[in-house]
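Read the structure below first, then the notes.
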Amino acid sequence: MVGPTIVRHGTPAQQRRHLNRILSGDHLFCQGFSEPDAGSDLAAVRTRGAAVPGGYVITGRKVWSSYAHLADYCLLLARTEPGSARHQGLTCFLVDMRSPGVQTRPLRQISGDTDFNEIVLDDVRIGDEDVLGEPGDGWRIALTTLAHERGTFGVTLTARRSVQFERLLATARATGNADD
């Protein structure tokens with residue numbers, strides 16, 4: 001889902017940094033759109049992105065982020081213009097999930113699965129180079145991502161399974177069980 005969005009809205013540097021790694025499965029992205037008390041109403045985003053010299057400081061929470069606990073990066077939507085109207089003043093960010101201040105918390109389903117997560121962002125520093133598109137244009141960029149959400153699911157699943165299988169083979173080889 002994120003690859004086509006970076007193709008369309010990313011800078012050449014963002015495209016060089018992420019696209020090949022997304023295709024190889026080396027960069028796994030999660031989506032940080034939904035929020036507590038807002039659900040899937042993206043226009044009700046409360047996560048804040050405060051402009052600071054050289055970037056932004058992000059504070060807020062996201063929920064129902066699939067595989068956030070495994071992700072390397074998050075495509076995150078935050079409100080960067082306080083007091084702006086619903087679809088205005090939103091900005092998309094490419095957030096490194098290992099950044100100081102980023103925490104993931106599992107959301108246990110009735111089945112016991114924890115594929116969904118809450119992402120907590122506590123004063124996470126994001127550089128200007130990780131703004132996807134123009135500041136304030138996040139709504140349009142989020143719609144690009146959502147347009148690819150269902151259409152790329154099969155590709156994503158296949159890539160994820162391929163990476164997992166290669167890791168399994170490497171583990172089997174490393175433990176001497178490759179012939180079993």
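We label chains A, B, ... in the order they appear in the structure tokens, count residues from 1 in each chain, and number ligands from 1 in the order shown.
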Please, which residues of range 32-140 of chain A, numbered as in this document, come out strand (DSSP E) from DSSP, as a ChimeraX atom specification? /A:32,48-52,55-66,73-79,90-96,102-107,116-127,131-132
Determine, counting only C-alpha atoms, which protein, DNA and RNA residues have an atom within 12 Å of an atom of Gly83 in chain A; residues of the same chain fewer than 5 positions away are not included. Present the result as a list in words. Ala44, Val45, Arg46, Arg48, Gln88, Gly89 and Leu90 of chain A
I need the residues from that last selection saved to file as an mmCIF file, in the first residue's frame (with N, CA and C atoms), if you can.
```
data_model
loop_
_atom_site.group_PDB
_atom_site.id
_atom_site.type_symbol
_atom_site.label_atom_id
_atom_site.label_comp_id
_atom_site.auth_asym_id
_atom_site.auth_seq_id
_atom_site.Cartn_x
_atom_site.Cartn_y
_atom_site.Cartn_z
ATOM 1 N N ALA A 44 -10.883 13.023 11.757
ATOM 2 C CA ALA A 44 -10.913 13.309 13.199
ATOM 3 C C ALA A 44 -9.548 13.084 13.859
ATOM 4 N N VAL A 45 -8.487 13.101 13.070
ATOM 5 C CA VAL A 45 -7.131 12.863 13.585
ATOM 6 C C VAL A 45 -6.788 13.851 14.694
ATOM 7 N N ARG A 46 -6.306 13.295 15.821
ATOM 8 C CA ARG A 46 -5.879 14.123 16.953
ATOM 9 C C ARG A 46 -4.367 14.069 17.175
ATOM 10 N N ARG A 48 -0.783 14.923 16.897
ATOM 11 C CA ARG A 48 -0.259 16.240 16.541
ATOM 12 C C ARG A 48 1.168 16.163 16.027
ATOM 13 N N GLN A 88 -8.390 19.363 6.385
ATOM 14 C CA GLN A 88 -7.283 20.289 6.161
ATOM 15 C C GLN A 88 -6.229 20.112 7.252
ATOM 16 N N GLY A 89 -5.031 20.588 6.992
ATOM 17 C CA GLY A 89 -4.000 20.640 8.017
ATOM 18 C C GLY A 89 -3.432 19.303 8.448
ATOM 19 N N LEU A 90 -3.577 18.279 7.607
ATOM 20 C CA LEU A 90 -3.031 16.952 7.897
ATOM 21 C C LEU A 90 -1.769 16.737 7.075
#
```
Top pick for closest residue to Cys74 in chain A, considering A:Tyr56, A:Phe29, A:Phe165, A:Phe116 and counting only C-alpha atoms: A:Phe29
Just the residues within 9 Å of Ala43 in chain A, please, counting only C-alpha atoms, with nothing from its chain fewer than 4 positions along; format it as a PDB file with C-alpha atoms, in the first residue's frame.
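Saved to out18.pdb:
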```pdb
ATOM      1  CA  ALA A  38     -12.093   8.317  16.001  1.00  0.00           C
ATOM      2  CA  ALA A  85     -10.917  21.963   9.582  1.00  0.00           C
ATOM      3  CA  ARG A  86     -11.439  18.220   9.330  1.00  0.00           C
ATOM      4  CA  HIS A  87      -9.696  17.386   6.035  1.00  0.00           C
ATOM      5  CA  GLN A  88      -7.283  20.289   6.161  1.00  0.00           C
ATOM      6  CA  LEU A  90      -3.031  16.952   7.897  1.00  0.00           C
ATOM      7  CA  TRP A 139      -5.661  13.948   3.273  1.00  0.00           C
TER       8      TRP A 139
END
```
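If you look at CA of Leu28 in chain A and CA of Ala50 in chain A, they are 26.0 Å away from each other.
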Rounded to one decimal in Å, what is the spacing between CA of Asp96 in chain A and CA of Asp72 in chain A?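 Computed distance, CA of Asp96 in chain A to CA of Asp72 in chain A, equals 6.1 Å.
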Residue nearest His9 in chain A among A:Gln31, A:Thr114, A:Thr144, A:Asn177 (counting only C-alpha atoms):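 Closest to His9 in chain A of all the choices is A:Thr144.
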Would you mind reading off the distance between CA of Asp122 in chain A and CA of Leu76 in chain A, one decimal, in Å?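 Taking CA of Asp122 in chain A and CA of Leu76 in chain A, their separation equals 13.8 Å.
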Counting only C-alpha atoms, which residue out of A:Arg167, A:Arg79, A:Arg125, A:Arg105 sits closest to Asp137 in chain A?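 Comparing A:Arg167, A:Arg79, A:Arg125, A:Arg105 against Asp137 in chain A, the winner is A:Arg79.
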Chain A: residues DSSP assigns to alpha helix (DSSP H), reported as number ranges by chain: A: 2-9, 12-24, 138-149, 153-174
Pick from A:Val63, A:Ile119, A:Ala71, A:Val7 nearest to Cys30 in chain A, counting only C-alpha atoms: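 Distance minimum relative to Cys30 in chain A lands on A:Ala71.
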For Gln15 in chain A, which of A:Glu166, A:Glu129, A:Asp179, A:Glu134 is the closest residue, counting only C-alpha atoms?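 Going through A:Glu166, A:Glu129, A:Asp179, A:Glu134 one by one, the smallest distance to Gln15 in chain A is for A:Glu129.
Between Ala13 in chain A and the candidates A:Val131, A:Ile58, A:Met97, A:Val124, the tightest atom-to-atom separation, counting only C-alpha atoms, involves A:Val131.
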